[in-house]
>>> print(open('work_34.tsv').read())   # TSV, C-alpha atoms
chain	number	residue	atom	x	y	z
U	1	MET	CA	-1.56	-68.99	-156.96
U	2	LEU	CA	2.07	-69.71	-157.76
U	3	LYS	CA	4.41	-66.76	-157.21
U	4	VAL	CA	7.84	-66.72	-158.84
U	5	ASN	CA	10.48	-64.82	-156.86
U	6	GLU	CA	14.01	-63.82	-157.85
U	7	TYR	CA	16.89	-62.90	-155.57
U	8	PHE	CA	20.52	-61.91	-156.06
U	9	ASP	CA	20.04	-60.88	-159.70
U	10	GLY	CA	18.35	-64.16	-160.61
U	11	GLN	CA	20.99	-66.38	-159.01
U	12	VAL	CA	18.28	-67.66	-156.71
U	13	LYS	CA	14.74	-68.24	-157.96
U	14	SER	CA	11.79	-69.69	-156.12
U	15	ILE	CA	8.12	-70.51	-156.54
U	16	GLY	CA	5.99	-69.55	-153.55
U	17	PHE	CA	2.77	-71.42	-152.82
U	18	GLU	CA	0.36	-72.38	-150.10
U	19	THR	CA	-0.68	-75.94	-149.40
U	20	GLN	CA	-2.74	-77.38	-146.56
U	21	GLY	CA	-2.58	-73.96	-144.88
U	22	GLU	CA	1.23	-73.86	-144.93
U	23	HIS	CA	3.33	-71.20	-146.69
U	24	THR	CA	6.05	-72.88	-148.66
U	25	SER	CA	8.41	-72.34	-151.54
U	26	VAL	CA	10.65	-74.44	-153.69
U	27	GLY	CA	13.67	-72.84	-155.21
U	28	VAL	CA	17.04	-73.21	-156.83
U	29	MET	CA	20.37	-71.53	-156.02
U	30	VAL	CA	23.27	-71.39	-158.48
U	31	PRO	CA	26.84	-71.54	-157.11
U	32	GLY	CA	27.69	-68.55	-154.96
U	33	GLU	CA	27.65	-67.14	-151.43
U	34	TYR	CA	24.42	-65.70	-150.08
U	35	THR	CA	23.04	-64.14	-146.93
U	36	PHE	CA	19.34	-64.73	-146.41
U	37	GLY	CA	17.31	-62.75	-143.89
U	38	THR	CA	14.27	-64.37	-142.25
U	39	ALA	CA	11.04	-62.80	-141.06
U	40	ALA	CA	9.20	-65.92	-139.87
U	41	PRO	CA	11.13	-68.99	-138.70
U	42	GLU	CA	11.90	-71.35	-141.61
U	43	ARG	CA	12.75	-74.98	-142.24
U	44	MET	CA	14.97	-75.47	-145.26
U	45	THR	CA	15.15	-78.92	-146.85
U	46	VAL	CA	17.73	-79.74	-149.52
U	47	VAL	CA	15.94	-81.40	-152.44
U	48	LYS	CA	18.90	-81.90	-154.78
U	49	GLY	CA	22.55	-80.83	-154.37
U	50	ALA	CA	24.04	-79.44	-151.15
U	51	LEU	CA	24.07	-76.26	-149.07
U	52	THR	CA	26.92	-75.30	-146.74
U	53	VAL	CA	25.32	-73.17	-144.08
U	54	LYS	CA	26.34	-71.02	-141.14
U	55	LEU	CA	23.33	-70.60	-138.87
U	56	PRO	CA	22.91	-67.59	-136.54
U	57	GLY	CA	24.87	-68.08	-133.31
U	58	HIS	CA	26.80	-71.02	-134.78
U	59	ILE	CA	30.56	-70.93	-135.22
U	60	ASP	CA	30.89	-73.85	-137.58
U	61	TRP	CA	29.63	-74.27	-141.11
U	62	GLU	CA	27.49	-77.35	-141.74
U	63	THR	CA	26.85	-79.03	-145.10
U	64	TYR	CA	23.37	-80.35	-145.80
U	65	THR	CA	22.66	-82.68	-148.71
U	66	ALA	CA	19.49	-84.04	-150.36
U	67	GLY	CA	16.94	-85.00	-147.71
U	68	ASP	CA	18.65	-83.05	-144.94
U	69	ASP	CA	16.92	-80.08	-143.35
U	70	PHE	CA	17.77	-77.27	-140.96
U	71	GLU	CA	15.74	-74.64	-139.15
U	72	VAL	CA	16.39	-70.92	-138.94
U	73	PRO	CA	14.83	-68.66	-136.30
U	74	GLY	CA	12.68	-65.73	-137.43
U	75	ASP	CA	14.04	-62.19	-137.55
U	76	SER	CA	17.55	-63.47	-138.16
U	77	SER	CA	19.78	-64.39	-141.11
U	78	PHE	CA	21.92	-67.26	-142.29
U	79	LEU	CA	24.87	-67.63	-144.66
U	80	VAL	CA	24.90	-70.13	-147.49
U	81	ILE	CA	27.69	-71.33	-149.78
U	82	VAL	CA	26.55	-73.22	-152.86
U	83	THR	CA	29.09	-75.25	-154.85
U	84	ASP	CA	26.74	-77.05	-157.27
U	85	THR	CA	23.37	-75.67	-158.34
U	86	THR	CA	21.00	-76.82	-155.62
U	87	ALA	CA	17.24	-77.18	-155.24
U	88	TYR	CA	15.56	-76.65	-151.87
U	89	LEU	CA	12.18	-76.55	-150.14
U	90	CYS	CA	11.47	-73.77	-147.65
U	91	ASP	CA	8.65	-74.19	-145.16
U	92	TYR	CA	7.67	-71.03	-143.27
U	93	LEU	CA	6.92	-72.17	-139.74
C	1	MET	CA	21.16	-70.36	-165.57
C	2	LEU	CA	17.77	-70.82	-163.95
C	3	LYS	CA	14.87	-71.03	-166.40
C	4	VAL	CA	11.31	-70.43	-165.19
C	5	ASN	CA	8.68	-72.34	-167.18
C	6	GLU	CA	4.89	-72.06	-167.07
C	7	TYR	CA	2.35	-74.61	-168.23
C	8	PHE	CA	-1.44	-74.83	-168.27
C	9	ASP	CA	-1.92	-71.05	-167.97
C	10	GLY	CA	0.36	-70.81	-164.95
C	11	GLN	CA	-1.25	-73.67	-163.03
C	12	VAL	CA	2.09	-75.45	-163.21
C	13	LYS	CA	5.36	-73.55	-162.87
C	14	SER	CA	8.88	-74.91	-162.77
C	15	ILE	CA	12.49	-73.80	-162.55
C	16	GLY	CA	14.79	-75.66	-164.91
C	17	PHE	CA	18.48	-76.05	-164.08
C	18	GLU	CA	21.52	-78.19	-164.65
C	19	THR	CA	23.56	-79.67	-161.84
C	20	GLN	CA	26.42	-82.16	-161.97
C	21	GLY	CA	25.67	-82.66	-165.66
C	22	GLU	CA	22.04	-83.61	-165.03
C	23	HIS	CA	19.02	-81.74	-166.43
C	24	THR	CA	16.52	-81.18	-163.68
C	25	SER	CA	13.62	-79.02	-162.67
C	26	VAL	CA	11.65	-78.30	-159.54
C	27	GLY	CA	8.10	-77.21	-159.87
C	28	VAL	CA	4.71	-76.75	-158.34
C	29	MET	CA	1.25	-77.85	-159.54
C	30	VAL	CA	-1.98	-76.33	-158.24
C	31	PRO	CA	-5.04	-78.59	-157.94
C	32	GLY	CA	-6.27	-79.82	-161.30
C	33	GLU	CA	-5.97	-82.60	-163.90
C	34	TYR	CA	-3.04	-82.52	-166.29
C	35	THR	CA	-1.56	-84.53	-169.14
C	36	PHE	CA	2.20	-84.21	-169.47
C	37	GLY	CA	4.06	-85.33	-172.57
C	38	THR	CA	7.65	-86.55	-172.25
C	39	ALA	CA	10.53	-86.27	-174.72
C	40	ALA	CA	13.31	-87.84	-172.65
C	41	PRO	CA	12.52	-90.39	-169.92
C	42	GLU	CA	11.88	-88.69	-166.58
C	43	ARG	CA	11.94	-89.48	-162.88
C	44	MET	CA	9.41	-87.46	-160.90
C	45	THR	CA	9.84	-87.15	-157.14
C	46	VAL	CA	7.13	-85.65	-154.95
C	47	VAL	CA	8.72	-83.03	-152.69
C	48	LYS	CA	5.62	-81.85	-150.82
C	49	GLY	CA	1.96	-82.86	-151.28
C	50	ALA	CA	0.78	-85.76	-153.44
C	51	LEU	CA	0.30	-86.65	-157.10
C	52	THR	CA	-2.23	-89.23	-158.32
C	53	VAL	CA	-0.79	-90.58	-161.54
C	54	LYS	CA	-1.78	-92.84	-164.39
C	55	LEU	CA	1.38	-93.99	-166.17
C	56	PRO	CA	1.41	-95.04	-169.84
C	57	GLY	CA	0.26	-98.65	-170.25
C	58	HIS	CA	-1.05	-98.75	-166.66
C	59	ILE	CA	-4.72	-99.33	-165.88
C	60	ASP	CA	-4.68	-98.19	-162.29
C	61	TRP	CA	-4.04	-94.78	-160.83
C	62	GLU	CA	-1.32	-94.60	-158.18
C	63	THR	CA	-0.86	-91.88	-155.54
C	64	TYR	CA	2.65	-90.73	-154.72
C	65	THR	CA	3.40	-88.63	-151.65
C	66	ALA	CA	6.46	-86.71	-150.40
C	67	GLY	CA	9.61	-88.74	-150.97
C	68	ASP	CA	7.98	-91.12	-153.45
C	69	ASP	CA	9.12	-91.17	-157.06
C	70	PHE	CA	8.02	-92.70	-160.34
C	71	GLU	CA	9.58	-92.98	-163.77
C	72	VAL	CA	8.00	-92.17	-167.12
C	73	PRO	CA	9.37	-93.46	-170.44
C	74	GLY	CA	10.42	-90.93	-173.09
C	75	ASP	CA	8.17	-90.06	-176.01
C	76	SER	CA	5.08	-90.84	-173.99
C	77	SER	CA	2.67	-89.05	-171.66
C	78	PHE	CA	1.19	-89.44	-168.21
C	79	LEU	CA	-1.93	-88.18	-166.46
C	80	VAL	CA	-1.84	-86.39	-163.12
C	81	ILE	CA	-4.58	-85.43	-160.67
C	82	VAL	CA	-3.57	-82.89	-158.02
C	83	THR	CA	-5.81	-82.41	-154.98
C	84	ASP	CA	-3.53	-80.14	-152.88
C	85	THR	CA	-0.91	-77.83	-154.37
C	86	THR	CA	2.13	-80.05	-154.76
C	87	ALA	CA	5.86	-79.51	-155.27
C	88	TYR	CA	7.93	-81.96	-157.29
C	89	LEU	CA	11.41	-82.60	-158.64
C	90	CYS	CA	11.81	-83.82	-162.21
C	91	ASP	CA	15.05	-85.47	-163.27
C	92	TYR	CA	15.48	-85.94	-167.03
C	93	LEU	CA	17.15	-89.32	-167.43
>>> encode(input="work_34.tsv", output="structure tokens")
Amino acid sequence: MLKVNEYFDGQVKSIGFETQGEHTSVGVMVPGEYTFGTAAPERMTVVKGALTVKLPGHIDWETYTAGDDFEVPGDSSFLVIVTDTTAYLCDYL
Amino acid sequence: MLKVNEYFDGQVKSIGFETQGEHTSVGVMVPGEYTFGTAAPERMTVVKGALTVKLPGHIDWETYTAGDDFEVPGDSSFLVIVTDTTAYLCDYL
């Protein structure tokens, strides 16, 4: 079952799915600044574009481009700045 | 603007977007057999999972896994067999 989700008034949309027992989603973010909360830990992979991210407990912002990934602990949140519309994969760990 | 599309009674869903002047979509296919028609030429990249594909004019089926990509000419069609729910990126060339 493919579940479409919308966040931030449609500025971020994703399709949630399960494959090989893993909970995953692919999504797209339009330019903007976002704060995402996490329940489970996540691994975010940039599919196309770039995400500039400030991870919990980090001072510096880091930019991730296509093929790069980063992990976020559960029960936390991370900040994202998007300059060009960007596609991502989110694996719930 | 992020545009959600549904095909094959919701078995395939995608989010269409434009970035850096390129028309793109990310999507997910649940297990099944599909025939996709193309208007413009496309480059399909497997993001997670695998697609077994028969390209126009090809005799053999080829399986593409995460990170692999294949191109499809415009005004043609290609066949896809999906065994595990699979996420993909489609760049319209």
>>> atom_distance(input="work_34.tsv", atom1="CA of Val12 (chain U)", atom2="CA of Leu2 (chain C)")
7.9 Å
>>> residues_around(input="work_34.tsv", residues="region 20-35 of chain U", least_positions_apart="2", cutoff="9 Å", atoms="all atoms listed in the file", output="PyMOL selection string")
(chain U and resi 3+5+8+10-18+37+47+77-93) or (chain C and resi 1-2+15-17+19+25-28+47+49+84-85+87-88)
>>> closest_residue(input="work_34.tsv", among="U:Asp75, U:Asp9, U:Asp60, U:Asp68", to="Arg43 (chain U)", atoms="all atoms listed in the file")
U:Asp68
>>> calpha_fit_and_write(input="work_34.tsv", fixed="chain U", moving="chain C", output="PDB file with C-alpha atoms, keeping the file's coordinate frame")
ATOM      1  CA  MET C   1      -1.565 -68.975-156.964  1.00  0.00           C
ATOM      2  CA  LEU C   2       2.064 -69.696-157.765  1.00  0.00           C
ATOM      3  CA  LYS C   3       4.413 -66.758-157.207  1.00  0.00           C
ATOM      4  CA  VAL C   4       7.845 -66.727-158.855  1.00  0.00           C
ATOM      5  CA  ASN C   5      10.475 -64.815-156.867  1.00  0.00           C
ATOM      6  CA  GLU C   6      14.007 -63.820-157.862  1.00  0.00           C
ATOM      7  CA  TYR C   7      16.874 -62.890-155.579  1.00  0.00           C
ATOM      8  CA  PHE C   8      20.512 -61.915-156.062  1.00  0.00           C
ATOM      9  CA  ASP C   9      20.017 -60.874-159.706  1.00  0.00           C
ATOM     10  CA  GLY C  10      18.352 -64.156-160.616  1.00  0.00           C
ATOM     11  CA  GLN C  11      20.989 -66.377-159.013  1.00  0.00           C
ATOM     12  CA  VAL C  12      18.268 -67.660-156.708  1.00  0.00           C
ATOM     13  CA  LYS C  13      14.732 -68.241-157.962  1.00  0.00           C
ATOM     14  CA  SER C  14      11.781 -69.695-156.111  1.00  0.00           C
ATOM     15  CA  ILE C  15       8.110 -70.506-156.538  1.00  0.00           C
ATOM     16  CA  GLY C  16       5.993 -69.550-153.550  1.00  0.00           C
ATOM     17  CA  PHE C  17       2.758 -71.409-152.820  1.00  0.00           C
ATOM     18  CA  GLU C  18       0.345 -72.370-150.100  1.00  0.00           C
ATOM     19  CA  THR C  19      -0.675 -75.938-149.409  1.00  0.00           C
ATOM     20  CA  GLN C  20      -2.743 -77.361-146.564  1.00  0.00           C
ATOM     21  CA  GLY C  21      -2.580 -73.956-144.889  1.00  0.00           C
ATOM     22  CA  GLU C  22       1.223 -73.865-144.924  1.00  0.00           C
ATOM     23  CA  HIS C  23       3.326 -71.199-146.670  1.00  0.00           C
ATOM     24  CA  THR C  24       6.050 -72.865-148.653  1.00  0.00           C
ATOM     25  CA  SER C  25       8.406 -72.337-151.528  1.00  0.00           C
ATOM     26  CA  VAL C  26      10.655 -74.440-153.699  1.00  0.00           C
ATOM     27  CA  GLY C  27      13.664 -72.853-155.225  1.00  0.00           C
ATOM     28  CA  VAL C  28      17.031 -73.203-156.832  1.00  0.00           C
ATOM     29  CA  MET C  29      20.377 -71.536-156.026  1.00  0.00           C
ATOM     30  CA  VAL C  30      23.269 -71.385-158.485  1.00  0.00           C
ATOM     31  CA  PRO C  31      26.820 -71.556-157.100  1.00  0.00           C
ATOM     32  CA  GLY C  32      27.692 -68.553-154.970  1.00  0.00           C
ATOM     33  CA  GLU C  33      27.668 -67.137-151.424  1.00  0.00           C
ATOM     34  CA  TYR C  34      24.434 -65.711-150.077  1.00  0.00           C
ATOM     35  CA  THR C  35      23.043 -64.139-146.924  1.00  0.00           C
ATOM     36  CA  PHE C  36      19.339 -64.736-146.401  1.00  0.00           C
ATOM     37  CA  GLY C  37      17.306 -62.757-143.897  1.00  0.00           C
ATOM     38  CA  THR C  38      14.292 -64.385-142.241  1.00  0.00           C
ATOM     39  CA  ALA C  39      11.037 -62.811-141.056  1.00  0.00           C
ATOM     40  CA  ALA C  40       9.205 -65.930-139.875  1.00  0.00           C
ATOM     41  CA  PRO C  41      11.133 -69.009-138.701  1.00  0.00           C
ATOM     42  CA  GLU C  42      11.902 -71.349-141.597  1.00  0.00           C
ATOM     43  CA  ARG C  43      12.737 -74.986-142.227  1.00  0.00           C
ATOM     44  CA  MET C  44      14.959 -75.484-145.263  1.00  0.00           C
ATOM     45  CA  THR C  45      15.162 -78.927-146.850  1.00  0.00           C
ATOM     46  CA  VAL C  46      17.731 -79.732-149.522  1.00  0.00           C
ATOM     47  CA  VAL C  47      15.946 -81.391-152.449  1.00  0.00           C
ATOM     48  CA  LYS C  48      18.911 -81.901-154.784  1.00  0.00           C
ATOM     49  CA  GLY C  49      22.558 -80.827-154.368  1.00  0.00           C
ATOM     50  CA  ALA C  50      24.047 -79.456-151.148  1.00  0.00           C
ATOM     51  CA  LEU C  51      24.064 -76.272-149.079  1.00  0.00           C
ATOM     52  CA  THR C  52      26.919 -75.299-146.745  1.00  0.00           C
ATOM     53  CA  VAL C  53      25.322 -73.171-144.064  1.00  0.00           C
ATOM     54  CA  LYS C  54      26.335 -71.021-141.139  1.00  0.00           C
ATOM     55  CA  LEU C  55      23.322 -70.599-138.853  1.00  0.00           C
ATOM     56  CA  PRO C  56      22.897 -67.592-136.540  1.00  0.00           C
ATOM     57  CA  GLY C  57      24.869 -68.047-133.311  1.00  0.00           C
ATOM     58  CA  HIS C  58      26.796 -71.003-134.782  1.00  0.00           C
ATOM     59  CA  ILE C  59      30.567 -70.921-135.217  1.00  0.00           C
ATOM     60  CA  ASP C  60      30.887 -73.845-137.570  1.00  0.00           C
ATOM     61  CA  TRP C  61      29.644 -74.275-141.097  1.00  0.00           C
ATOM     62  CA  GLU C  62      27.511 -77.356-141.735  1.00  0.00           C
ATOM     63  CA  THR C  63      26.839 -79.030-145.100  1.00  0.00           C
ATOM     64  CA  TYR C  64      23.363 -80.348-145.803  1.00  0.00           C
ATOM     65  CA  THR C  65      22.660 -82.685-148.708  1.00  0.00           C
ATOM     66  CA  ALA C  66      19.485 -84.034-150.354  1.00  0.00           C
ATOM     67  CA  GLY C  67      16.938 -84.989-147.713  1.00  0.00           C
ATOM     68  CA  ASP C  68      18.657 -83.044-144.932  1.00  0.00           C
ATOM     69  CA  ASP C  69      16.926 -80.072-143.348  1.00  0.00           C
ATOM     70  CA  PHE C  70      17.770 -77.271-140.950  1.00  0.00           C
ATOM     71  CA  GLU C  71      15.736 -74.647-139.145  1.00  0.00           C
ATOM     72  CA  VAL C  72      16.399 -70.920-138.942  1.00  0.00           C
ATOM     73  CA  PRO C  73      14.834 -68.663-136.292  1.00  0.00           C
ATOM     74  CA  GLY C  74      12.680 -65.732-137.429  1.00  0.00           C
ATOM     75  CA  ASP C  75      14.040 -62.199-137.563  1.00  0.00           C
ATOM     76  CA  SER C  76      17.543 -63.465-138.164  1.00  0.00           C
ATOM     77  CA  SER C  77      19.777 -64.386-141.097  1.00  0.00           C
ATOM     78  CA  PHE C  78      21.917 -67.260-142.284  1.00  0.00           C
ATOM     79  CA  LEU C  79      24.857 -67.630-144.652  1.00  0.00           C
ATOM     80  CA  VAL C  80      24.911 -70.135-147.495  1.00  0.00           C
ATOM     81  CA  ILE C  81      27.700 -71.339-149.777  1.00  0.00           C
ATOM     82  CA  VAL C  82      26.557 -73.224-152.881  1.00  0.00           C
ATOM     83  CA  THR C  83      29.109 -75.249-154.850  1.00  0.00           C
ATOM     84  CA  ASP C  84      26.735 -77.056-157.271  1.00  0.00           C
ATOM     85  CA  THR C  85      23.368 -75.668-158.345  1.00  0.00           C
ATOM     86  CA  THR C  86      21.009 -76.817-155.618  1.00  0.00           C
ATOM     87  CA  ALA C  87      17.242 -77.174-155.235  1.00  0.00           C
ATOM     88  CA  TYR C  88      15.562 -76.652-151.877  1.00  0.00           C
ATOM     89  CA  LEU C  89      12.191 -76.547-150.155  1.00  0.00           C
ATOM     90  CA  CYS C  90      11.479 -73.783-147.656  1.00  0.00           C
ATOM     91  CA  ASP C  91       8.656 -74.196-145.165  1.00  0.00           C
ATOM     92  CA  TYR C  92       7.682 -71.031-143.274  1.00  0.00           C
ATOM     93  CA  LEU C  93       6.926 -72.172-139.738  1.00  0.00           C
TER      94      LEU C  93
END
>>> closest_residue(input="work_34.tsv", among="C:Glu42, C:Ala66, C:Phe36, C:Val72", to="chain U", atoms="all atoms listed in the file")
C:Ala66
>>> closest_residue(input="work_34.tsv", among="U:Lys54, U:Glu62, U:Gly67, U:Gly74", to="chain C", atoms="only C-alpha atoms")
U:Gly67
>>> atom_distance(input="work_34.tsv", atom1="CA of Pro41 (chain C)", atom2="CA of Asp69 (chain C)")
13.3 Å
>>> closest_residue(input="work_34.tsv", among="C:Ala40, C:Gly57, C:Tyr7, C:Glu71", to="chain U", atoms="only C-alpha atoms")
C:Tyr7
>>> atom_distance(input="work_34.tsv", atom1="CA of Ser76 (chain U)", atom2="CA of His58 (chain U)")
12.4 Å
>>> closest_residue(input="work_34.tsv", among="U:Thr52, U:Thr38, U:Val46, U:Thr63", to="chain C", atoms="only C-alpha atoms")
U:Val46
>>> decode(input="work_34.tsv", residues="region 4-29 of chain U", atoms="N, CA and C atoms", output="PDB file, in the first residue's frame")
ATOM      1  N   VAL U   4       0.478   8.463   0.466  1.00  0.00           N
ATOM      2  CA  VAL U   4       0.980   9.802   0.168  1.00  0.00           C
ATOM      3  C   VAL U   4       0.813  10.688   1.402  1.00  0.00           C
ATOM      4  N   ASN U   5       1.903  11.362   1.787  1.00  0.00           N
ATOM      5  CA  ASN U   5       1.862  12.259   2.941  1.00  0.00           C
ATOM      6  C   ASN U   5       2.212  13.674   2.495  1.00  0.00           C
ATOM      7  N   GLU U   6       1.639  14.662   3.188  1.00  0.00           N
ATOM      8  CA  GLU U   6       1.953  16.059   2.886  1.00  0.00           C
ATOM      9  C   GLU U   6       2.321  16.780   4.171  1.00  0.00           C
ATOM     10  N   TYR U   7       3.344  17.622   4.081  1.00  0.00           N
ATOM     11  CA  TYR U   7       3.796  18.377   5.252  1.00  0.00           C
ATOM     12  C   TYR U   7       3.987  19.833   4.827  1.00  0.00           C
ATOM     13  N   PHE U   8       3.957  20.700   5.816  1.00  0.00           N
ATOM     14  CA  PHE U   8       4.232  22.128   5.567  1.00  0.00           C
ATOM     15  C   PHE U   8       3.407  22.643   4.385  1.00  0.00           C
ATOM     16  N   ASP U   9       2.075  22.431   4.500  1.00  0.00           N
ATOM     17  CA  ASP U   9       1.158  22.944   3.469  1.00  0.00           C
ATOM     18  C   ASP U   9       1.554  22.492   2.075  1.00  0.00           C
ATOM     19  N   GLY U  10       1.954  21.238   1.952  1.00  0.00           N
ATOM     20  CA  GLY U  10       2.247  20.684   0.626  1.00  0.00           C
ATOM     21  C   GLY U  10       3.616  21.022   0.098  1.00  0.00           C
ATOM     22  N   GLN U  11       4.441  21.715   0.902  1.00  0.00           N
ATOM     23  CA  GLN U  11       5.797  22.039   0.428  1.00  0.00           C
ATOM     24  C   GLN U  11       6.708  20.820   0.468  1.00  0.00           C
ATOM     25  N   VAL U  12       6.287  19.845   1.256  1.00  0.00           N
ATOM     26  CA  VAL U  12       7.002  18.568   1.300  1.00  0.00           C
ATOM     27  C   VAL U  12       5.952  17.478   1.105  1.00  0.00           C
ATOM     28  N   LYS U  13       6.189  16.592   0.151  1.00  0.00           N
ATOM     29  CA  LYS U  13       5.272  15.471  -0.068  1.00  0.00           C
ATOM     30  C   LYS U  13       6.092  14.184  -0.117  1.00  0.00           C
ATOM     31  N   SER U  14       5.502  13.118   0.370  1.00  0.00           N
ATOM     32  CA  SER U  14       6.229  11.859   0.345  1.00  0.00           C
ATOM     33  C   SER U  14       5.282  10.700   0.070  1.00  0.00           C
ATOM     34  N   ILE U  15       5.859   9.586  -0.335  1.00  0.00           N
ATOM     35  CA  ILE U  15       5.114   8.350  -0.551  1.00  0.00           C
ATOM     36  C   ILE U  15       5.717   7.314   0.385  1.00  0.00           C
ATOM     37  N   GLY U  16       4.923   6.866   1.351  1.00  0.00           N
ATOM     38  CA  GLY U  16       5.392   5.884   2.319  1.00  0.00           C
ATOM     39  C   GLY U  16       5.131   4.475   1.822  1.00  0.00           C
ATOM     40  N   PHE U  17       6.062   3.569   2.048  1.00  0.00           N
ATOM     41  CA  PHE U  17       5.867   2.191   1.613  1.00  0.00           C
ATOM     42  C   PHE U  17       6.721   1.263   2.457  1.00  0.00           C
ATOM     43  N   GLU U  18       6.437  -0.032   2.321  1.00  0.00           N
ATOM     44  CA  GLU U  18       7.218  -1.034   3.024  1.00  0.00           C
ATOM     45  C   GLU U  18       7.844  -1.933   1.976  1.00  0.00           C
ATOM     46  N   THR U  19       9.090  -2.266   2.150  1.00  0.00           N
ATOM     47  CA  THR U  19       9.722  -3.200   1.223  1.00  0.00           C
ATOM     48  C   THR U  19      10.751  -4.024   1.976  1.00  0.00           C
ATOM     49  N   GLN U  20      10.699  -5.327   1.749  1.00  0.00           N
ATOM     50  CA  GLN U  20      11.611  -6.261   2.413  1.00  0.00           C
ATOM     51  C   GLN U  20      11.610  -6.006   3.925  1.00  0.00           C
ATOM     52  N   GLY U  21      10.423  -5.737   4.475  1.00  0.00           N
ATOM     53  CA  GLY U  21      10.282  -5.570   5.917  1.00  0.00           C
ATOM     54  C   GLY U  21      10.743  -4.218   6.433  1.00  0.00           C
ATOM     55  N   GLU U  22      11.178  -3.330   5.538  1.00  0.00           N
ATOM     56  CA  GLU U  22      11.673  -2.024   5.989  1.00  0.00           C
ATOM     57  C   GLU U  22      10.644  -0.928   5.678  1.00  0.00           C
ATOM     58  N   HIS U  23      10.462  -0.013   6.614  1.00  0.00           N
ATOM     59  CA  HIS U  23       9.587   1.145   6.411  1.00  0.00           C
ATOM     60  C   HIS U  23      10.408   2.244   5.771  1.00  0.00           C
ATOM     61  N   THR U  24       9.909   2.755   4.695  1.00  0.00           N
ATOM     62  CA  THR U  24      10.659   3.682   3.864  1.00  0.00           C
ATOM     63  C   THR U  24       9.716   4.720   3.296  1.00  0.00           C
ATOM     64  N   SER U  25      10.281   5.830   2.866  1.00  0.00           N
ATOM     65  CA  SER U  25       9.483   6.768   2.057  1.00  0.00           C
ATOM     66  C   SER U  25      10.420   7.482   1.088  1.00  0.00           C
ATOM     67  N   VAL U  26       9.853   7.886  -0.007  1.00  0.00           N
ATOM     68  CA  VAL U  26      10.559   8.790  -0.916  1.00  0.00           C
ATOM     69  C   VAL U  26       9.749  10.069  -0.929  1.00  0.00           C
ATOM     70  N   GLY U  27      10.444  11.174  -1.049  1.00  0.00           N
ATOM     71  CA  GLY U  27       9.721  12.432  -0.992  1.00  0.00           C
ATOM     72  C   GLY U  27      10.446  13.543  -1.708  1.00  0.00           C
ATOM     73  N   VAL U  28       9.775  14.678  -1.752  1.00  0.00           N
ATOM     74  CA  VAL U  28      10.329  15.850  -2.417  1.00  0.00           C
ATOM     75  C   VAL U  28      10.075  17.072  -1.534  1.00  0.00           C
ATOM     76  N   MET U  29      11.072  17.936  -1.424  1.00  0.00           N
ATOM     77  CA  MET U  29      10.944  19.191  -0.675  1.00  0.00           C
ATOM     78  C   MET U  29      11.163  20.346  -1.648  1.00  0.00           C
TER      79      MET U  29
END
